[in-house]
file coords-v8.csv (CSV, C-alpha atoms)
chain,number,residue,atom,x,y,z
A,261,MET,CA,165.1,105.9,114.3
A,262,MET,CA,167.8,105.8,116.9
A,263,SER,CA,170.9,107.9,116.3
A,264,ASP,CA,174.3,106.1,116.4
A,265,ILE,CA,176.0,109.4,117.4
A,266,PRO,CA,176.7,109.5,121.1
A,267,ALA,CA,175.7,112.5,123.1
A,268,ARG,CA,177.7,113.9,126.0
A,269,THR,CA,175.9,113.9,129.3
A,270,GLY,CA,176.7,115.3,132.7
A,271,ARG,CA,178.8,118.3,133.7
A,272,HIS,CA,182.0,116.8,134.9
A,273,ARG,CA,183.9,118.4,132.1
A,274,GLN,CA,182.0,121.7,132.1
A,275,LEU,CA,184.1,124.9,132.0
A,276,TYR,CA,183.4,127.9,134.3
A,277,GLY,CA,184.8,131.4,134.1
A,278,LYS,CA,186.9,132.8,137.0
A,279,ASP,CA,183.7,134.6,138.1
A,280,GLY,CA,181.8,131.3,138.4
A,281,PHE,CA,179.7,131.7,135.2
A,282,ARG,CA,179.0,128.6,133.3
A,283,LEU,CA,180.6,128.8,129.9
A,284,VAL,CA,178.4,127.8,127.0
A,285,ALA,CA,178.5,128.0,123.1
A,286,GLY,CA,175.9,128.0,120.4
A,287,LEU,CA,175.0,128.6,116.8
A,288,ILE,CA,172.6,130.4,114.6
A,289,ASP,CA,172.4,127.9,111.7
A,290,LEU,CA,171.4,129.1,108.2
A,291,VAL,CA,170.5,128.0,104.7
A,292,ASP,CA,170.2,130.3,101.7
A,293,ASP,CA,167.6,130.2,99.0
A,294,HIS,CA,169.5,132.9,97.1
A,295,ILE,CA,166.4,135.0,96.4
A,296,GLY,CA,165.7,138.4,97.9
A,297,SER,CA,167.3,140.4,100.8
A,298,VAL,CA,169.1,138.7,103.7
A,299,VAL,CA,166.2,139.1,106.1
A,300,ASP,CA,163.8,137.4,103.7
A,301,ARG,CA,166.3,135.0,101.9
A,302,LEU,CA,168.1,133.3,104.8
A,303,GLU,CA,166.4,130.7,106.9
A,304,VAL,CA,167.6,129.9,110.4
A,305,LEU,CA,167.1,126.7,112.4
A,306,MET,CA,165.4,126.8,115.8
A,307,ILE,CA,164.6,123.8,118.1
A,308,SER,CA,162.0,123.1,120.6
A,309,SER,CA,162.3,121.8,124.2
A,310,PRO,CA,160.1,119.4,126.0
A,311,ASN,CA,156.8,120.9,127.2
A,312,ARG,CA,157.6,124.4,125.7
A,313,HIS,CA,156.1,126.3,122.9
A,314,ASP,CA,158.9,128.8,122.4
A,315,LEU,CA,162.1,128.0,120.6
A,316,VAL,CA,165.9,128.3,121.1
A,317,PHE,CA,169.0,128.1,119.0
A,318,PRO,CA,171.2,125.0,119.5
A,319,LYS,CA,173.5,125.6,122.4
A,320,GLY,CA,175.1,124.0,125.4
A,321,GLY,CA,178.0,123.6,127.8
A,322,TRP,CA,181.6,124.3,126.6
A,323,GLU,CA,183.8,121.5,128.0
A,324,ASP,CA,187.4,121.3,128.9
A,325,ASP,CA,188.6,119.2,126.0
A,326,GLU,CA,187.3,121.3,123.1
A,327,SER,CA,187.5,124.8,121.6
A,328,VAL,CA,184.5,127.1,121.8
A,329,GLU,CA,183.8,126.5,118.1
A,330,ASP,CA,184.0,122.7,118.6
A,331,ALA,CA,181.6,123.0,121.5
A,332,ALA,CA,179.1,124.9,119.3
A,333,LEU,CA,179.4,122.4,116.5
A,334,ARG,CA,178.9,119.5,118.9
A,335,GLU,CA,175.8,121.0,120.4
A,336,ALA,CA,174.3,121.7,116.9
A,337,LEU,CA,174.9,118.0,116.1
A,338,GLU,CA,173.5,116.6,119.4
A,339,GLU,CA,170.5,118.9,119.7
A,340,ALA,CA,169.5,119.6,116.1
A,341,GLY,CA,171.2,116.9,113.9
A,342,ILE,CA,173.1,119.3,111.7
A,343,ARG,CA,176.6,119.8,110.5
A,344,GLY,CA,178.3,122.7,108.7
A,345,THR,CA,180.9,125.4,108.6
A,346,ILE,CA,181.3,128.0,111.2
A,347,TYR,CA,181.4,131.6,110.1
A,348,LYS,CA,184.8,133.2,110.6
A,349,GLU,CA,183.6,135.9,113.0
A,350,PRO,CA,181.9,135.3,116.3
A,351,LEU,CA,178.5,137.1,116.7
A,352,GLY,CA,179.4,138.1,120.2
A,353,GLU,CA,179.2,137.3,123.9
A,354,TRP,CA,176.2,137.4,126.2
A,355,GLU,CA,175.8,137.0,129.9
A,356,PHE,CA,172.5,135.9,131.3
A,357,ARG,CA,170.8,133.8,133.9
A,358,SER,CA,169.0,130.6,132.8
A,359,LYS,CA,165.2,130.9,133.1
A,360,SER,CA,164.9,128.0,135.6
A,361,LYS,CA,167.3,129.8,138.0
A,362,GLU,CA,165.9,133.3,137.8
A,363,LYS,CA,164.8,133.4,141.4
A,364,CYS,CA,167.9,131.8,142.8
A,365,CYS,CA,170.5,133.7,144.8
A,366,GLY,CA,174.2,133.7,144.2
A,367,LEU,CA,175.8,132.7,140.9
A,368,GLU,CA,173.6,129.6,140.3
A,369,GLY,CA,172.3,129.7,136.8
A,370,PHE,CA,174.5,132.5,135.5
A,371,CYS,CA,176.0,131.8,132.1
A,372,ARG,CA,178.3,133.4,129.6
A,373,GLY,CA,177.4,132.4,126.1
A,374,TYR,CA,179.4,132.7,122.9
A,375,MET,CA,177.4,132.6,119.7
A,376,TYR,CA,178.5,131.9,116.1
A,377,ALA,CA,176.8,131.6,112.7
A,378,MET,CA,177.1,128.4,110.8
A,379,LYS,CA,176.3,127.5,107.1
A,380,VAL,CA,174.5,124.2,107.2
A,381,THR,CA,175.9,121.6,104.9
A,382,GLU,CA,174.2,118.4,106.3
A,383,VAL,CA,170.9,117.7,107.9
A,384,LEU,CA,170.7,114.3,109.6
A,385,GLU,CA,167.6,112.1,109.6
A,386,SER,CA,168.3,111.0,113.2
A,387,TRP,CA,170.3,112.6,115.9
A,388,PRO,CA,171.0,112.1,119.7
A,389,GLU,CA,168.2,114.4,121.1
A,390,GLN,CA,165.7,113.7,118.4
A,391,ALA,CA,163.1,112.4,120.9
A,392,ASP,CA,163.1,115.6,122.9
A,393,ARG,CA,163.4,118.3,120.1
A,394,GLU,CA,161.8,119.3,116.9
A,395,ARG,CA,163.5,121.4,114.2
A,396,LYS,CA,161.9,124.4,112.7
A,397,TRP,CA,163.3,126.4,109.8
A,398,LEU,CA,162.3,130.1,109.9
A,399,THR,CA,163.0,133.3,108.1
A,400,ILE,CA,164.9,135.8,110.2
A,401,ARG,CA,161.7,137.9,110.3
A,402,ASN,CA,159.6,135.0,111.6
A,403,ALA,CA,162.3,133.8,114.1
A,404,TYR,CA,162.3,136.9,116.3
A,405,PRO,CA,158.9,136.5,118.0
A,406,LEU,CA,159.6,132.8,118.7
A,407,CYS,CA,162.9,133.4,120.6
A,408,ARG,CA,162.6,132.2,124.2
A,409,TYR,CA,165.0,134.8,125.6
A,410,PRO,CA,165.6,138.5,124.9
A,411,TRP,CA,169.3,137.9,124.5
A,412,MET,CA,168.6,135.4,121.7
A,413,CYS,CA,166.8,138.2,119.8
A,414,GLU,CA,169.9,140.3,120.2
A,415,ALA,CA,172.1,137.5,118.9
A,416,LEU,CA,169.7,137.1,115.9
A,417,LYS,CA,169.9,140.9,115.2
A,418,LYS,CA,173.7,140.7,115.3
A,419,PHE,CA,173.5,137.8,112.9
A,420,GLU,CA,171.3,139.8,110.6
A,421,ILE,CA,173.7,142.7,110.6
A,422,VAL,CA,176.7,140.5,109.9
A,423,MET,CA,175.1,138.6,107.1
A,424,SER,CA,173.8,141.8,105.5
A,425,ARG,CA,177.3,143.4,105.7
A,426,ASP,CA,179.1,140.4,104.3
A,427,ASP,CA,176.5,139.8,101.7
A,428,GLU,CA,177.2,143.4,100.4
A,429,LEU,CA,181.0,143.0,100.6
A,430,GLN,CA,180.9,139.4,99.2
A,431,LEU,CA,182.8,138.2,102.3
A,432,GLU,CA,180.8,135.1,103.1
A,433,TRP,CA,182.4,131.7,103.4
A,434,GLY,CA,183.7,131.8,99.8
A,435,ALA,CA,181.1,129.5,98.3
A,436,SER,CA,177.3,129.7,97.9
A,437,SER,CA,175.3,128.2,100.7
A,438,PRO,CA,173.1,125.3,99.6
A,439,SER,CA,169.3,125.7,99.9
A,440,LEU,CA,167.5,123.5,102.4
A,441,SER,CA,166.0,121.4,99.6
A,442,THR,CA,169.4,120.4,98.3
A,443,LEU,CA,170.9,119.3,101.6
A,444,SER,CA,171.4,115.6,102.0
A,445,SER,CA,172.2,113.4,105.0
A,446,SER,CA,175.5,112.3,103.6
A,447,VAL,CA,178.6,113.0,105.7
A,448,VAL,CA,180.1,116.4,105.1
A,449,ALA,CA,183.2,117.3,107.0
A,450,SER,CA,183.3,120.6,108.7
A,451,GLN,CA,186.2,122.9,107.7
A,452,PRO,CA,188.7,123.7,110.4
A,453,VAL,CA,188.2,126.8,112.4
A,454,SER,CA,190.8,129.4,113.5
A,455,GLU,CA,191.9,130.1,117.0
A,456,THR,CA,189.2,131.7,119.1
A,457,PRO,CA,189.5,135.5,118.9
A,458,GLU,CA,188.8,138.0,121.6
A,459,LEU,CA,185.0,138.3,121.8
A,460,PRO,CA,183.2,141.6,122.1
A,461,ILE,CA,180.5,142.1,124.7
A,462,ILE,CA,177.0,143.0,123.5
A,463,PRO,CA,174.9,143.7,126.6
A,464,PRO,CA,171.6,141.8,126.5
A,465,SER,CA,168.4,143.2,127.8
A,466,CYS,CA,168.2,140.4,130.3
A,467,PHE,CA,171.7,141.0,131.6
A,468,SER,CA,171.8,139.8,135.1
A,469,ARG,CA,175.0,141.3,136.4
A,470,PRO,CA,176.0,145.0,136.9
A,471,PRO,CA,176.6,146.5,133.4
A,472,GLU,CA,180.0,147.7,134.4
A,473,ALA,CA,181.2,144.2,135.1
A,474,LYS,CA,183.8,143.0,132.5
A,475,ALA,CA,183.8,139.6,130.9
A,476,SER,CA,187.0,137.6,130.6
A,477,THR,CA,189.0,138.7,127.5
A,478,ASN,CA,190.5,135.3,127.3
A,479,PRO,CA,187.6,132.9,128.0
A,480,VAL,CA,188.3,129.5,129.4
A,481,ASN,CA,186.1,127.2,127.5
A,482,ALA,CA,180.9,128.0,127.0
A,483,LEU,CA,174.8,128.0,126.6
A,484,CYS,CA,172.4,127.0,129.3
call {"tool": "encode", "arguments": {"input": "coords-v8.csv", "output": "structure tokens"}}
result
Amino acid sequence: MMSDIPARTGRHRQLYGKDGFRLVAGLIDLVDDHIGSVVDRLEVLMISSPNRHDLVFPKGGWEDDESVEDAALREALEEAGIRGTIYKEPLGEWEFRSKSKEKCCGLEGFCRGYMYAMKVTEVLESWPEQADRERKWLTIRNAYPLCRYPWMCEALKKFEIVMSRDDELQLEWGASSPSLSTLSSSVVASQPVSETPELPIIPPSCFSRPPEAKASTNPVNALC
């Protein structure tokens, strides 16, 4: 089934930091079966890429006509066919080099990615990149070994910490997250998100710049 949702293509609206890094945004998307601890209870969505066996979280370029949250939501819709509500607190900021550009010189392939968590409220039966990607729901424990990049494992760990903390303090979105089996393909509007806060830097193990380099504290629109 072909999706009637248009996907953005090209990079003519792509945003770059003052240091030349490509700015990208992505999501760790979750559903909750309400049984057990966070690490066993929550399921996160990962997607495949053509001709690859490892998995990634939905992510892509942050463009000049959208907020970082809007970019993350759009990428989740285009790559994974899901909608939902973004968690109030960003998971963090990671700087890395895309795998296809690891042997390049200069700034080619360098990215600065902003990751968020999202409670999934809608799973579509068809979506723009359906022909190239498969969806896979995994427990947090099972998602770690399938992450394509080390920095994604770090983002997942931050996600686990945030979800565990807010689970204990009852500071989640304010409503119970639906289980995967109860999600429908009916249109569910995403709640508005607040202005982008200053994002902390969490150095990834595959960090490709000198560790003392500072990221922009007021990012201009951002994952590879």
call {"tool": "closest_residue", "arguments": {"input": "coords-v8.csv", "among": "A:Arg372, A:His294, A:Lys379, A:Arg312", "to": "Gly352 of chain A", "atoms": "all atoms listed in the file"}}
result
A:Arg372
call {"tool": "atom_distance", "arguments": {"input": "coords-v8.csv", "atom1": "atom CA of Leu287 of chain A", "atom2": "atom CA of Tyr374 of chain A"}}
result
8.6 Å
call {"tool": "closest_residue", "arguments": {"input": "coords-v8.csv", "among": "A:Lys278, A:Arg271, A:Lys319, A:Lys348", "to": "Asp426 of chain A", "atoms": "only C-alpha atoms"}}
result
A:Lys348
call {"tool": "atom_distance", "arguments": {"input": "coords-v8.csv", "atom1": "atom CA of Glu323 of chain A", "atom2": "atom CA of Pro388 of chain A"}}
result
17.9 Å
call {"tool": "residues_around", "arguments": {"input": "coords-v8.csv", "residues": "Phe370 of chain A", "least_positions_apart": "5", "cutoff": "7 Å", "atoms": "all atoms listed in the file", "output": "list in words"}}
result
Phe281, Arg282, Phe356, Arg357 and Ser358 of chain A
call {"tool": "closest_residue", "arguments": {"input": "coords-v8.csv", "among": "A:Thr345, A:Gln274, A:Asn311, A:Ser327", "to": "Thr381 of chain A", "atoms": "all atoms listed in the file"}}
result
A:Thr345
call {"tool": "atom_distance", "arguments": {"input": "coords-v8.csv", "atom1": "atom CA of Glu338 of chain A", "atom2": "atom CA of Met412 of chain A"}}
result
19.6 Å
call {"tool": "closest_residue", "arguments": {"input": "coords-v8.csv", "among": "A:Asp325, A:Asp427, A:Glu353, A:Glu414", "to": "Leu275 of chain A", "atoms": "all atoms listed in the file"}}
result
A:Asp325
call {"tool": "residues_around", "arguments": {"input": "coords-v8.csv", "residues": "Gly341 of chain A", "least_positions_apart": "6", "cutoff": "8 Å", "atoms": "only C-alpha atoms", "output": "list in words"}}
result
Val383, Leu384, Glu385, Ser386, Trp387, Pro388 and Gln390 of chain A
call {"tool": "write_last_selection", "arguments": {"input": "coords-v8.csv", "atoms": "C-alpha atoms", "output": "JSON list (two decimals), keeping the file's coordinate frame"}}
result
[["chain", "number", "residue", "atom", "x", "y", "z"],
["A", 383, "VAL", "CA", 170.90, 117.70, 107.90],
["A", 384, "LEU", "CA", 170.70, 114.30, 109.60],
["A", 385, "GLU", "CA", 167.60, 112.10, 109.60],
["A", 386, "SER", "CA", 168.30, 111.00, 113.20],
["A", 387, "TRP", "CA", 170.30, 112.60, 115.90],
["A", 388, "PRO", "CA", 171.00, 112.10, 119.70],
["A", 390, "GLN", "CA", 165.70, 113.70, 118.40]]
call {"tool": "closest_residue", "arguments": {"input": "coords-v8.csv", "among": "A:Val284, A:Leu337, A:Val299, A:Val422", "to": "Glu382 of chain A", "atoms": "only C-alpha atoms"}}
result
A:Leu337
call {"tool": "residues_around", "arguments": {"input": "coords-v8.csv", "residues": "Leu290 of chain A", "least_positions_apart": "6", "cutoff": "7 Å", "atoms": "all atoms listed in the file", "output": "PyMOL selection string"}}
result
chain A and resi 302-305+378-380
call {"tool": "residues_around", "arguments": {"input": "coords-v8.csv", "residues": "Trp397 of chain A", "least_positions_apart": "5", "cutoff": "12 Å", "atoms": "all atoms listed in the file", "output": "list in words"}}
result
Ile288, Asp289, Leu290, Val291, Asp292, Leu302, Glu303, Val304, Leu305, Met306, Ile307, Ser308, Leu315, Val316, Phe317, Ala340, Val380, Val383, Asn402, Ala403, Leu406, Ser439, Leu440 and Ser441 of chain A
call {"tool": "closest_residue", "arguments": {"input": "coords-v8.csv", "among": "A:Val298, A:Ala415, A:Leu398, A:Ala285", "to": "Arg334 of chain A", "atoms": "all atoms listed in the file"}}
result
A:Ala285
